[in-house]
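> Quick one, structure.tsv (TSV, C-alpha atoms):
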```
chain	number	residue	atom	x	y	z
A	234	MET	CA	-37.01	6.99	71.51
A	235	ASP	CA	-38.47	6.60	68.02
A	236	GLU	CA	-37.31	10.02	67.10
A	237	LEU	CA	-33.72	8.90	67.36
A	238	LYS	CA	-34.56	6.07	64.98
A	239	SER	CA	-36.19	8.44	62.53
A	240	LEU	CA	-33.15	10.70	62.78
A	241	LYS	CA	-30.93	7.74	61.98
A	242	ASN	CA	-33.13	6.92	59.01
A	243	LYS	CA	-32.91	10.45	57.71
A	244	TRP	CA	-29.17	10.33	58.28
A	245	ALA	CA	-28.84	7.17	56.22
A	246	ASN	CA	-30.88	8.53	53.34
A	247	GLN	CA	-29.70	12.13	53.25
A	248	LYS	CA	-28.89	13.61	49.88
A	249	PHE	CA	-26.31	16.27	49.24
A	250	ASP	CA	-26.78	19.00	46.66
A	251	LYS	CA	-23.39	18.51	45.26
A	252	GLN	CA	-22.91	15.14	43.61
A	253	TYR	CA	-19.60	14.83	41.81
A	254	SER	CA	-19.52	13.07	38.47
A	255	ALA	CA	-16.90	10.38	37.78
A	256	GLU	CA	-14.96	12.87	35.64
A	257	GLU	CA	-14.97	15.46	38.38
A	258	LEU	CA	-13.78	12.89	40.93
A	259	ASN	CA	-11.05	11.82	38.56
A	260	GLY	CA	-9.93	15.44	38.37
A	261	LEU	CA	-10.07	15.86	42.17
A	262	ILE	CA	-7.72	12.96	42.93
A	263	GLN	CA	-5.05	14.38	40.61
A	264	LYS	CA	-4.84	17.59	42.66
A	265	LYS	CA	-2.12	18.37	45.15
A	266	SER	CA	-2.62	17.37	48.76
A	267	LYS	CA	-2.75	20.12	51.39
A	268	SER	CA	-1.87	17.74	54.21
A	269	SER	CA	-0.23	19.45	57.17
A	270	ILE	CA	2.07	16.43	57.72
A	271	LYS	CA	4.06	17.68	54.75
A	272	TYR	CA	4.75	20.99	56.49
A	273	ILE	CA	5.75	19.29	59.72
A	274	PHE	CA	8.13	17.10	57.71
A	275	TYR	CA	9.74	20.00	55.81
A	276	LEU	CA	10.12	22.10	58.95
A	277	SER	CA	11.70	19.22	60.86
A	278	VAL	CA	14.14	18.38	58.06
A	279	THR	CA	15.08	22.07	57.84
A	280	GLU	CA	15.82	22.11	61.56
A	281	PHE	CA	18.07	19.08	61.37
A	282	PHE	CA	19.98	20.56	58.45
A	283	LEU	CA	20.33	23.89	60.20
A	284	TYR	CA	22.05	22.07	63.05
A	285	ILE	CA	24.30	20.19	60.64
A	286	SER	CA	25.29	23.43	58.95
A	287	ILE	CA	26.22	25.29	62.15
A	288	PRO	CA	29.99	24.94	61.50
A	289	PHE	CA	29.49	26.59	58.11
A	290	ILE	CA	27.18	29.39	59.22
A	291	VAL	CA	28.76	30.45	62.51
A	292	PRO	CA	31.67	32.81	61.78
A	293	ASN	CA	35.08	31.67	63.11
A	294	TYR	CA	33.59	28.35	64.21
A	295	TYR	CA	36.87	26.50	63.78
A	296	GLU	CA	39.01	29.29	65.26
A	297	SER	CA	36.95	29.05	68.42
A	298	PHE	CA	38.59	25.68	69.09
A	299	ASP	CA	41.93	27.52	69.48
A	300	TYR	CA	40.32	29.63	72.15
A	301	TYR	CA	39.02	26.53	73.96
A	302	LYS	CA	42.59	25.19	73.78
A	303	SER	CA	43.83	28.28	75.60
A	304	LEU	CA	41.29	27.53	78.33
A	305	ASN	CA	42.49	23.89	78.59
A	306	LEU	CA	39.14	22.78	77.14
A	307	TYR	CA	40.23	21.40	73.77
A	308	GLU	CA	39.37	17.73	74.50
A	309	PHE	CA	36.14	18.80	76.18
A	310	SER	CA	35.03	20.84	73.17
A	311	ILE	CA	35.84	18.04	70.71
A	312	ALA	CA	34.00	15.51	72.90
A	313	THR	CA	30.91	17.76	73.09
A	314	SER	CA	30.89	18.21	69.30
A	315	VAL	CA	31.15	14.44	68.77
A	316	ILE	CA	28.34	13.77	71.26
A	317	GLY	CA	26.29	16.45	69.49
A	318	TYR	CA	26.64	14.74	66.11
A	319	ILE	CA	25.94	11.27	67.52
A	320	LEU	CA	22.73	12.64	69.03
A	321	LEU	CA	21.85	14.29	65.72
A	322	LEU	CA	22.31	11.00	63.87
A	323	TYR	CA	20.27	9.05	66.42
A	324	PHE	CA	17.35	11.48	66.39
A	325	MET	CA	17.36	11.86	62.60
A	326	LEU	CA	17.13	8.08	62.20
A	327	ARG	CA	14.29	7.96	64.71
A	328	PHE	CA	12.55	10.83	62.95
A	329	PHE	CA	12.72	9.25	59.48
A	330	ARG	CA	11.72	5.82	60.76
A	331	ASN	CA	8.65	7.25	62.49
A	332	TYR	CA	7.81	9.40	59.49
A	333	LYS	CA	7.73	6.35	57.25
A	334	ARG	CA	5.29	4.71	59.63
A	335	ILE	CA	2.69	7.47	59.33
A	336	SER	CA	-0.23	5.94	57.51
A	337	VAL	CA	-3.61	7.45	56.88
A	338	THR	CA	-5.10	3.92	56.91
A	339	ASP	CA	-4.09	3.46	60.56
A	340	SER	CA	-6.69	3.76	63.31
A	341	VAL	CA	-7.35	7.36	64.37
A	342	LYS	CA	-5.44	6.87	67.63
A	343	GLY	CA	-2.55	5.07	65.92
A	344	HIS	CA	-2.35	7.80	63.31
A	345	LEU	CA	-2.29	10.62	65.86
A	346	SER	CA	0.37	8.84	67.92
A	347	THR	CA	2.74	8.22	64.99
A	348	ILE	CA	2.49	11.84	63.88
A	349	LEU	CA	3.14	13.14	67.39
A	350	ASN	CA	5.99	10.66	67.99
A	351	THR	CA	7.64	11.76	64.76
A	352	ARG	CA	7.57	15.33	65.93
A	353	ARG	CA	8.63	14.36	69.46
A	354	ALA	CA	11.91	13.01	68.07
A	355	VAL	CA	12.74	16.50	66.78
A	356	ASN	CA	11.64	18.20	70.00
A	357	GLN	CA	13.73	15.86	72.14
A	358	TYR	CA	16.72	16.50	69.90
A	359	ILE	CA	16.32	20.22	70.42
A	360	TYR	CA	16.03	19.85	74.21
A	361	PHE	CA	19.16	17.67	74.30
A	362	SER	CA	21.09	20.06	72.06
A	363	LEU	CA	20.08	23.09	74.08
A	364	GLY	CA	20.99	21.21	77.27
A	365	ILE	CA	24.44	20.33	75.96
A	366	LEU	CA	24.91	23.87	74.70
A	367	LEU	CA	24.00	25.27	78.10
A	368	VAL	CA	26.40	22.94	79.97
A	369	PHE	CA	29.11	23.71	77.42
A	370	LEU	CA	28.58	27.47	77.78
A	371	CYS	CA	28.71	27.26	81.57
A	372	VAL	CA	31.95	25.25	81.53
A	373	VAL	CA	33.52	27.62	78.98
A	374	MET	CA	32.46	30.65	80.98
A	375	TYR	CA	33.76	29.25	84.24
A	376	SER	CA	37.11	28.40	82.64
A	377	ALA	CA	37.24	31.77	80.91
A	378	LEU	CA	36.88	33.53	84.23
A	379	LEU	CA	39.83	31.45	85.49
A	380	PHE	CA	42.13	31.48	82.45
A	381	ASP	CA	41.17	34.24	80.02
A	382	GLU	CA	43.51	37.10	80.70
A	383	ASN	CA	41.15	39.76	79.41
A	384	LEU	CA	38.42	38.57	81.71
A	385	ILE	CA	40.79	38.30	84.65
A	386	ALA	CA	41.76	41.92	84.08
A	387	LEU	CA	38.12	42.91	83.93
A	388	GLN	CA	37.37	41.12	87.17
A	389	GLU	CA	39.71	43.43	88.97
A	390	LYS	CA	37.23	46.21	88.48
A	391	LYS	CA	34.63	45.41	91.10
A	392	ASP	CA	31.30	45.94	89.34
A	393	SER	CA	32.15	44.45	85.98
A	394	ILE	CA	31.85	40.81	87.09
A	395	VAL	CA	28.19	41.39	88.04
A	396	MET	CA	27.69	43.14	84.71
A	397	ILE	CA	29.27	40.25	82.79
A	398	ILE	CA	27.08	37.67	84.50
A	399	PHE	CA	24.01	39.86	83.95
A	400	ILE	CA	24.71	40.27	80.23
A	401	ILE	CA	25.39	36.56	79.79
A	402	GLY	CA	22.16	35.69	81.60
A	403	LEU	CA	20.23	38.14	79.45
A	404	VAL	CA	21.64	36.70	76.22
A	405	ILE	CA	20.81	33.13	77.27
A	406	SER	CA	17.24	34.04	78.27
A	407	LEU	CA	16.77	35.92	75.00
A	408	ILE	CA	17.89	32.90	72.98
A	409	ILE	CA	15.59	30.57	74.91
A	410	GLY	CA	12.71	33.07	74.66
A	411	VAL	CA	13.05	33.44	70.88
A	412	PHE	CA	13.19	29.65	70.46
A	413	GLY	CA	10.13	29.23	72.67
A	414	LEU	CA	8.07	31.77	70.72
A	415	LEU	CA	9.15	30.35	67.39
A	416	TYR	CA	8.11	26.88	68.43
A	417	TYR	CA	4.85	28.07	69.84
A	418	PHE	CA	3.87	29.70	66.57
A	419	LEU	CA	5.38	27.15	64.20
A	420	TYR	CA	4.14	23.97	65.80
A	421	GLY	CA	1.71	24.91	68.54
A	422	ARG	CA	-1.06	25.72	66.12
A	423	LEU	CA	-0.46	22.60	64.06
A	424	LEU	CA	0.11	20.14	66.86
A	425	ASN	CA	-1.94	21.28	69.86
A	426	PRO	CA	-5.26	20.12	68.39
A	427	LEU	CA	-3.66	16.74	67.65
A	428	LYS	CA	-2.37	16.45	71.20
A	429	LYS	CA	-5.82	17.27	72.52
A	430	ASN	CA	-7.39	14.56	70.35
A	431	GLU	CA	-4.77	11.99	71.32
A	432	LYS	CA	-5.41	12.72	74.98
A	433	GLU	CA	-9.16	12.39	74.51
A	434	LEU	CA	-8.74	8.96	72.87
A	435	MET	CA	-6.33	7.88	75.60
A	436	ASN	CA	-8.92	8.87	78.20
A	437	ILE	CA	-11.53	6.71	76.49
A	438	ASN	CA	-9.22	3.73	76.91
A	439	HIS	CA	-8.56	4.33	80.60
B	231	MET	CA	1.73	4.27	41.06
B	232	SER	CA	-1.44	2.41	40.34
B	233	SER	CA	-2.54	1.39	36.89
B	234	LEU	CA	-5.25	3.11	34.91
B	235	LYS	CA	-7.63	0.22	35.56
B	236	ASN	CA	-7.09	0.71	39.26
B	237	GLU	CA	-7.82	4.38	38.89
B	238	ALA	CA	-11.06	3.70	37.05
B	239	ASP	CA	-12.10	1.13	39.68
B	240	PHE	CA	-11.31	3.58	42.43
B	241	VAL	CA	-13.34	6.38	40.88
B	242	ILE	CA	-16.36	4.07	40.59
B	243	LEU	CA	-15.97	3.11	44.25
B	244	LEU	CA	-15.61	6.71	45.37
B	245	ASN	CA	-18.57	7.75	43.25
B	246	GLU	CA	-20.76	5.10	44.88
B	247	ASN	CA	-19.68	6.16	48.36
B	248	GLN	CA	-19.40	9.91	47.97
B	249	ASN	CA	-22.30	10.50	50.34
B	250	LEU	CA	-20.22	9.11	53.20
B	251	VAL	CA	-17.40	11.52	52.38
B	252	HIS	CA	-19.93	14.36	52.19
B	253	LYS	CA	-21.24	13.44	55.66
B	254	ILE	CA	-17.75	13.62	57.16
B	255	CYS	CA	-17.10	16.96	55.43
B	256	ARG	CA	-20.41	18.37	56.60
B	257	MET	CA	-19.63	17.34	60.19
B	258	TYR	CA	-16.13	18.73	60.31
B	259	THR	CA	-16.53	22.00	58.41
B	260	ASP	CA	-18.78	25.01	58.67
B	261	SER	CA	-18.88	26.42	55.17
B	262	LYS	CA	-19.30	25.17	51.63
B	263	ALA	CA	-15.80	26.22	50.64
B	264	ALA	CA	-14.23	24.29	53.53
B	265	HIS	CA	-16.50	21.33	52.76
B	266	ASP	CA	-15.26	21.20	49.17
B	267	ASP	CA	-11.64	21.54	50.32
B	268	LEU	CA	-11.96	18.68	52.76
B	269	PHE	CA	-13.80	16.55	50.19
B	270	GLN	CA	-10.89	17.02	47.83
B	271	GLU	CA	-8.31	16.18	50.50
B	272	ILE	CA	-10.15	13.02	51.61
B	273	SER	CA	-10.48	11.90	47.97
B	274	ILE	CA	-6.74	12.39	47.45
B	275	GLN	CA	-5.87	10.49	50.64
B	276	LEU	CA	-8.27	7.66	49.74
B	277	TRP	CA	-6.72	7.36	46.30
B	278	ARG	CA	-3.17	7.42	47.70
B	279	SER	CA	-3.94	4.65	50.15
B	280	TYR	CA	-6.04	2.60	47.72
B	281	ASP	CA	-3.14	0.22	47.01
B	282	ARG	CA	-2.81	-0.56	50.68
B	283	PHE	CA	-6.53	-1.17	51.06
B	284	GLU	CA	-7.31	-3.67	48.35
B	285	GLY	CA	-8.51	-6.77	50.11
B	286	LYS	CA	-6.57	-6.17	53.31
B	287	SER	CA	-9.29	-4.64	55.44
B	288	LYS	CA	-13.01	-4.16	55.35
B	289	PHE	CA	-13.94	-1.53	52.82
B	290	SER	CA	-15.95	0.64	55.18
B	291	THR	CA	-13.30	0.53	57.93
B	292	TRP	CA	-10.69	1.74	55.46
B	293	MET	CA	-12.96	4.51	54.25
B	294	TYR	CA	-13.88	5.71	57.76
B	295	ARG	CA	-10.27	5.59	58.91
B	296	VAL	CA	-8.96	7.61	55.98
B	297	GLY	CA	-11.88	10.04	56.09
B	298	LEU	CA	-11.65	10.67	59.83
B	299	ASN	CA	-7.86	10.75	59.91
B	300	THR	CA	-7.90	13.36	57.18
B	301	ALA	CA	-10.58	15.44	58.88
B	302	ILE	CA	-9.01	15.17	62.35
B	303	THR	CA	-5.27	15.15	61.73
B	304	LEU	CA	-4.18	16.02	58.22
B	305	TYR	CA	-6.50	18.81	57.43
B	306	ARG	CA	-6.29	22.14	59.17
B	307	LYS	CA	-8.96	24.62	58.30
B	308	GLU	CA	-7.77	27.74	56.54
B	309	LYS	CA	-9.87	30.00	58.68
B	310	LYS	CA	-8.54	33.22	57.22
B	311	ARG	CA	-9.54	32.49	53.67
B	312	ILE	CA	-12.15	35.27	53.39
B	313	ASP	CA	-10.67	37.64	55.94
B	314	SER	CA	-8.70	39.69	53.46
B	315	GLY	CA	-11.89	41.01	51.83
B	316	VAL	CA	-13.60	44.22	52.82
B	317	LEU	CA	-16.97	42.51	53.30
B	318	GLN	CA	-15.59	40.56	56.23
B	319	ASP	CA	-18.73	40.84	58.35
B	320	ASN	CA	-21.22	39.75	55.72
B	321	ILE	CA	-19.61	36.85	53.94
B	322	PRO	CA	-19.35	34.14	56.62
B	323	GLN	CA	-22.98	34.50	57.60
B	324	ILE	CA	-24.21	34.16	54.05
B	325	ALA	CA	-22.03	31.08	53.65
B	326	VAL	CA	-23.58	29.39	56.68
B	327	GLU	CA	-27.16	30.17	55.69
B	328	GLU	CA	-26.59	28.91	52.22
B	329	TYR	CA	-25.09	25.74	53.65
B	330	ASP	CA	-28.07	24.93	55.85
B	331	SER	CA	-30.82	25.59	53.36
B	332	GLU	CA	-30.12	22.55	51.25
B	333	ILE	CA	-30.98	19.73	53.67
B	334	ASP	CA	-33.80	18.47	55.82
B	335	GLU	CA	-34.60	20.78	58.73
B	336	GLN	CA	-34.02	18.12	61.41
B	337	LEU	CA	-30.68	17.14	59.90
B	338	ALA	CA	-29.66	20.78	59.66
B	339	TRP	CA	-30.44	21.11	63.37
B	340	LEU	CA	-28.41	17.96	64.10
B	341	TYR	CA	-25.36	19.20	62.16
B	342	LYS	CA	-25.54	22.52	63.95
B	343	LYS	CA	-25.60	20.75	67.33
B	344	ILE	CA	-22.78	18.38	66.35
B	345	ASN	CA	-20.64	21.38	65.47
B	346	ALA	CA	-20.14	22.13	69.18
B	347	PHE	CA	-18.79	18.64	69.93
B	348	SER	CA	-15.07	17.78	70.06
B	349	GLU	CA	-13.45	16.25	66.98
B	350	ILE	CA	-13.32	12.82	68.63
B	351	ASP	CA	-16.95	12.99	69.74
B	352	LYS	CA	-17.91	13.92	66.20
B	353	ALA	CA	-16.23	10.71	65.01
B	354	LEU	CA	-18.15	8.72	67.62
B	355	ILE	CA	-21.45	10.34	66.60
B	356	LEU	CA	-20.77	9.63	62.95
B	357	LEU	CA	-20.07	5.96	63.64
B	358	TYR	CA	-23.16	5.74	65.83
B	359	LEU	CA	-25.41	7.29	63.19
B	360	GLU	CA	-23.88	5.02	60.58
B	361	ASP	CA	-25.00	2.08	62.73
B	362	LYS	CA	-21.54	0.55	63.00
B	363	LYS	CA	-20.84	-2.43	65.23
B	364	TYR	CA	-18.70	-1.92	68.35
B	365	ASP	CA	-15.85	-3.95	66.87
B	366	GLU	CA	-15.67	-1.79	63.79
B	367	ILE	CA	-15.91	1.42	65.82
B	368	ALA	CA	-13.09	0.15	68.03
B	369	GLU	CA	-10.98	-0.78	65.02
B	370	THR	CA	-11.57	2.55	63.31
B	371	LEU	CA	-10.71	4.69	66.32
B	372	GLY	CA	-8.07	2.49	67.97
B	373	ILE	CA	-9.97	1.93	71.22
B	374	SER	CA	-11.17	-1.32	72.84
B	375	SER	CA	-14.59	-2.79	71.97
B	376	VAL	CA	-15.71	-2.51	75.59
B	377	ASN	CA	-14.86	1.18	75.65
B	378	ALA	CA	-16.51	1.66	72.28
B	379	ARG	CA	-19.72	0.25	73.76
B	380	VAL	CA	-19.52	2.51	76.82
B	381	LYS	CA	-18.90	5.53	74.61
B	382	MET	CA	-21.73	4.64	72.23
B	383	ASN	CA	-24.20	4.40	75.10
B	384	ARG	CA	-23.17	7.85	76.28
B	385	ILE	CA	-23.43	9.32	72.80
B	386	LYS	CA	-26.89	7.80	72.41
B	387	LYS	CA	-27.93	9.30	75.73
B	388	ARG	CA	-26.63	12.72	74.76
B	389	LEU	CA	-28.43	12.62	71.43
B	390	LYS	CA	-31.69	11.66	73.17
B	391	GLU	CA	-31.28	14.52	75.62
B	392	MET	CA	-30.63	16.89	72.76
B	393	ILE	CA	-33.82	15.79	71.04
B	394	ASN	CA	-35.81	16.18	74.27
B	395	ASP	CA	-34.37	19.62	74.93
B	396	ARG	CA	-35.35	20.65	71.45
B	397	HIS	CA	-38.97	19.75	72.07
B	398	ASP	CA	-39.04	21.33	75.51
B	399	GLY	CA	-37.37	24.50	74.30
```
So that I can check it, write out the structure of this file as structure tokens.


Amino acid sequence: MDELKSLKNKWANQKFDKQYSAEELNGLIQKKSKSSIKYIFYLSVTEFFLYISIPFIVPNYYESFDYYKSLNLYEFSIATSVIGYILLLYFMLRFFRNYKRISVTDSVKGHLSTILNTRRAVNQYIYFSLGILLVFLCVVMYSALLFDENLIALQEKKDSIVMIIFIIGLVISLIIGVFGLLYYFLYGRLLNPLKKNEKELMNINH
Amino acid sequence: MSSLKNEADFVILLNENQNLVHKICRMYTDSKAAHDDLFQEISIQLWRSYDRFEGKSKFSTWMYRVGLNTAITLYRKEKKRIDSGVLQDNIPQIAVEEYDSEIDEQLAWLYKKINAFSEIDKALILLYLEDKKYDEIAETLGISSVNARVKMNRIKKRLKEMINDRHDG
């Protein structure tokens, strides 16, 4: 029993070898922060801007609308693009608003939650975008099989329809796989320990 | 940005309380280099949030919050910092020995034991050893006072068991 008290006493009076002088401390606080929040912020902003710049990066992006027209999907493709940009705007606003709320003077639980919520806004955006993309691709593919003359011609050969579906499936799984890996390495290492800590604090409160 | 007077006041305050920052660094790192890195990061974060602190909350609560938040959330250890060298096997061990030799033997044992605890438990142990009241612990971590009390009792029990095991072993 008393040993715990003596340990506490020692704890209170412990001395550290390294004692910084006022000048040294003054120098320390001028240095650049290595905070990982900064990296999460830059990565997230980059992602949003990558999505904004899709029309400029993807070759023949605008010409593809002519193709959708030939499949009777012009209005559908415009509507999906508009919904995509509304979602982008909504999630960007949420992201920046949460980012501004991150404060190191918050309680540990509050701090963890604001960081994770900031990042969640980006993740949700990506899930929604991928979802819309997937629905859009399926609709386009279905219509293409009905209206695209080249594809109709191909369908007449028996095996090629299976091949087409197989290749399309492979491409979609590859895209999702690459995204998954990228996210695992980019954010998993930064955010998993935070999630674990948040969960532990939540458990204390339950 | 804060004025020069502010900066001077802050440095005095940090200087007076640097032992607390050292304790957090010692708990959350396992080498001198990482300790110094974390000390620097906590100092920067304290200075950046100094404007928001002045008068608004209890000094120690502000300091614990910033220190723990930095150690737990903002700061990720650069584990690979010595890996590129050829002497990979020798260096980390020397670093640890050197680290432990400077303090009281019982405290060195305590820090070594604490190392195996989760980051949140480390925060609880720190606040327990610092003799903080349940309200302040609750406010620092963002949990309720009742739960802070329950947790503190468990931490106390675990520490006692650790001490007993040490004598038995």

> Can you work out which one of B:Ala301, B:Leu371, B:Ile344, B:Met293 has the shortest atom-to-atom distance to chain A, counting only C-alpha atoms?

B:Leu371

> For each of B:Lys390, B:Arg396, B:Lys352, B:Arg384, take the minimum atom-to-atom distance to chain A, counting all atoms listed in the file, then give the residue where this is smallest.

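Distance minimum relative to chain A lands on B:Lys390.
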
> Mind running chain A against chain B at 7 Å and telling me each contacting residue's nearest atom pair with the distance in Å (one decimal), counting only C-alpha atoms, chain and number ascending, as a tab-separated table?


```
residue	atom	partner	partner_atom	distance
A:Leu237	CA	B:Lys390	CA	6.7
A:Lys241	CA	B:Leu359	CA	5.7
A:Trp244	CA	B:Leu359	CA	6.9
A:Ala245	CA	B:Glu360	CA	6.9
A:Asp250	CA	B:Glu332	CA	6.7
A:Ala255	CA	B:Val241	CA	6.2
A:Leu258	CA	B:Val241	CA	6.5
A:Asn259	CA	B:Val241	CA	6.3
A:Leu261	CA	B:Gln270	CA	5.8
A:Ile262	CA	B:Ile274	CA	4.7
A:Ser266	CA	B:Glu271	CA	6.1
A:Lys267	CA	B:Glu271	CA	6.9
A:Ser268	CA	B:Leu304	CA	4.9
A:Ser269	CA	B:Leu304	CA	5.3
A:Ile270	CA	B:Leu304	CA	6.3
A:Val337	CA	B:Val296	CA	5.4
A:Thr338	CA	B:Val296	CA	5.4
A:Asp339	CA	B:Arg295	CA	6.7
A:Ser340	CA	B:Gly372	CA	5.0
A:Val341	CA	B:Leu371	CA	4.7
A:Lys342	CA	B:Gly372	CA	5.1
A:Gly343	CA	B:Gly372	CA	6.4
A:Leu345	CA	B:Thr303	CA	6.8
A:Leu427	CA	B:Thr303	CA	6.3
A:Asn430	CA	B:Ile350	CA	6.4
A:Ile437	CA	B:Asn377	CA	6.5
A:Asn438	CA	B:Ile373	CA	6.0
```

> Can you spit out the residues from that selection as a PDB file, in the coordinates of the input, using C-alpha atoms?


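Output file selection.pdb follows:
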```pdb
ATOM      1  CA  LEU A 237     -33.720   8.900  67.360  1.00  0.00           C
ATOM      2  CA  LYS A 241     -30.930   7.740  61.980  1.00  0.00           C
ATOM      3  CA  TRP A 244     -29.170  10.330  58.280  1.00  0.00           C
ATOM      4  CA  ALA A 245     -28.840   7.170  56.220  1.00  0.00           C
ATOM      5  CA  ASP A 250     -26.780  19.000  46.660  1.00  0.00           C
ATOM      6  CA  ALA A 255     -16.900  10.380  37.780  1.00  0.00           C
ATOM      7  CA  LEU A 258     -13.780  12.890  40.930  1.00  0.00           C
ATOM      8  CA  ASN A 259     -11.050  11.820  38.560  1.00  0.00           C
ATOM      9  CA  LEU A 261     -10.070  15.860  42.170  1.00  0.00           C
ATOM     10  CA  ILE A 262      -7.720  12.960  42.930  1.00  0.00           C
ATOM     11  CA  SER A 266      -2.620  17.370  48.760  1.00  0.00           C
ATOM     12  CA  LYS A 267      -2.750  20.120  51.390  1.00  0.00           C
ATOM     13  CA  SER A 268      -1.870  17.740  54.210  1.00  0.00           C
ATOM     14  CA  SER A 269      -0.230  19.450  57.170  1.00  0.00           C
ATOM     15  CA  ILE A 270       2.070  16.430  57.720  1.00  0.00           C
ATOM     16  CA  VAL A 337      -3.610   7.450  56.880  1.00  0.00           C
ATOM     17  CA  THR A 338      -5.100   3.920  56.910  1.00  0.00           C
ATOM     18  CA  ASP A 339      -4.090   3.460  60.560  1.00  0.00           C
ATOM     19  CA  SER A 340      -6.690   3.760  63.310  1.00  0.00           C
ATOM     20  CA  VAL A 341      -7.350   7.360  64.370  1.00  0.00           C
ATOM     21  CA  LYS A 342      -5.440   6.870  67.630  1.00  0.00           C
ATOM     22  CA  GLY A 343      -2.550   5.070  65.920  1.00  0.00           C
ATOM     23  CA  LEU A 345      -2.290  10.620  65.860  1.00  0.00           C
ATOM     24  CA  LEU A 427      -3.660  16.740  67.650  1.00  0.00           C
ATOM     25  CA  ASN A 430      -7.390  14.560  70.350  1.00  0.00           C
ATOM     26  CA  ILE A 437     -11.530   6.710  76.490  1.00  0.00           C
ATOM     27  CA  ASN A 438      -9.220   3.730  76.910  1.00  0.00           C
TER      28      ASN A 438
END
```

> Calculated over only C-alpha atoms, which of the candidates A:Gln357, A:His344, A:Phe281, A:Leu366 has the smallest distance to Ser310 of chain A?

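Using only C-alpha atoms, Ser310 of chain A sits closest to A:Leu366.
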
> Grab the atom CA of Asp260 of chain B to atom CA of Tyr417 of chain A distance for me, in Å with one decimal place.

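So the two atoms, atom CA of Asp260 of chain B and atom CA of Tyr417 of chain A, lie 26.3 Å apart.
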
> I'd like a table as a Markdown table: residues in segment 257-349 of chain A with an atom no more than 12 Å from segment 371-388 of chain A, each row giving the shortest atom pair and its distance in Å to one decimal, all atoms listed in the file counted, sorted by chain and rising residue number.


```
| residue | atom | partner | partner_atom | distance |
| --- | --- | --- | --- | --- |
| A:Ser297 | CA | A:Val373 | CA | 11.2 |
| A:Phe298 | CA | A:Val373 | CA | 11.3 |
| A:Tyr300 | CA | A:Asp381 | CA | 9.2 |
| A:Tyr301 | CA | A:Val373 | CA | 7.5 |
| A:Lys302 | CA | A:Phe380 | CA | 10.7 |
| A:Ser303 | CA | A:Phe380 | CA | 7.7 |
| A:Leu304 | CA | A:Phe380 | CA | 5.8 |
| A:Asn305 | CA | A:Ser376 | CA | 8.1 |
| A:Leu306 | CA | A:Val373 | CA | 7.6 |
| A:Tyr307 | CA | A:Val373 | CA | 10.5 |
| A:Phe309 | CA | A:Val372 | CA | 9.4 |
| A:Ser310 | CA | A:Val373 | CA | 9.1 |
| A:Thr313 | CA | A:Val372 | CA | 11.3 |
```

> Do you have the atom CA of Val251 of chain B-atom CA of Ser346 of chain A distance handy?

23.8 Å

> For a test of reading the model, state the distance in Å between atom CA of Ser277 of chain A and atom CA of Gly317 of chain A, rounded to one decimal.

17.2 Å

> With 4 Å of padding per side, what axis-aligned box (centre and edge lengths, Å, one decimal) covers all the listed atoms of segment 420-425 of chain A? Give it as lines of an AutoDock Vina configuration file.


```
center_x = 1.1
center_y = 22.9
center_z = 67.0
size_x = 14.1
size_y = 13.6
size_z = 13.8
```

> Can you rebuild segment 291-300 of chain A with N, CA and C atoms and give it as a PDB file, keeping the file's coordinate frame?


```
ATOM      1  N   VAL A 291      28.204  29.644  61.415  1.00  0.00           N
ATOM      2  CA  VAL A 291      28.760  30.450  62.510  1.00  0.00           C
ATOM      3  C   VAL A 291      30.155  30.957  62.123  1.00  0.00           C
ATOM      4  N   PRO A 292      30.357  32.277  62.162  1.00  0.00           N
ATOM      5  CA  PRO A 292      31.670  32.810  61.780  1.00  0.00           C
ATOM      6  C   PRO A 292      32.737  32.349  62.790  1.00  0.00           C
ATOM      7  N   ASN A 293      33.933  32.095  62.273  1.00  0.00           N
ATOM      8  CA  ASN A 293      35.080  31.670  63.110  1.00  0.00           C
ATOM      9  C   ASN A 293      34.796  30.442  63.956  1.00  0.00           C
ATOM     10  N   TYR A 294      33.944  29.545  63.434  1.00  0.00           N
ATOM     11  CA  TYR A 294      33.590  28.350  64.210  1.00  0.00           C
ATOM     12  C   TYR A 294      34.835  27.544  64.552  1.00  0.00           C
ATOM     13  N   TYR A 295      35.702  27.348  63.537  1.00  0.00           N
ATOM     14  CA  TYR A 295      36.870  26.500  63.780  1.00  0.00           C
ATOM     15  C   TYR A 295      37.916  27.202  64.648  1.00  0.00           C
ATOM     16  N   GLU A 296      38.045  28.539  64.448  1.00  0.00           N
ATOM     17  CA  GLU A 296      39.010  29.290  65.260  1.00  0.00           C
ATOM     18  C   GLU A 296      38.644  29.210  66.750  1.00  0.00           C
ATOM     19  N   SER A 297      37.339  29.057  67.011  1.00  0.00           N
ATOM     20  CA  SER A 297      36.950  29.050  68.420  1.00  0.00           C
ATOM     21  C   SER A 297      37.593  27.879  69.174  1.00  0.00           C
ATOM     22  N   PHE A 298      37.938  26.811  68.419  1.00  0.00           N
ATOM     23  CA  PHE A 298      38.590  25.680  69.090  1.00  0.00           C
ATOM     24  C   PHE A 298      39.960  26.079  69.652  1.00  0.00           C
ATOM     25  N   ASP A 299      40.636  27.020  68.963  1.00  0.00           N
ATOM     26  CA  ASP A 299      41.930  27.520  69.480  1.00  0.00           C
ATOM     27  C   ASP A 299      41.727  28.198  70.833  1.00  0.00           C
ATOM     28  N   TYR A 300      40.620  28.938  70.898  1.00  0.00           N
ATOM     29  CA  TYR A 300      40.320  29.630  72.150  1.00  0.00           C
ATOM     30  C   TYR A 300      40.075  28.624  73.266  1.00  0.00           C
TER      31      TYR A 300
END
```
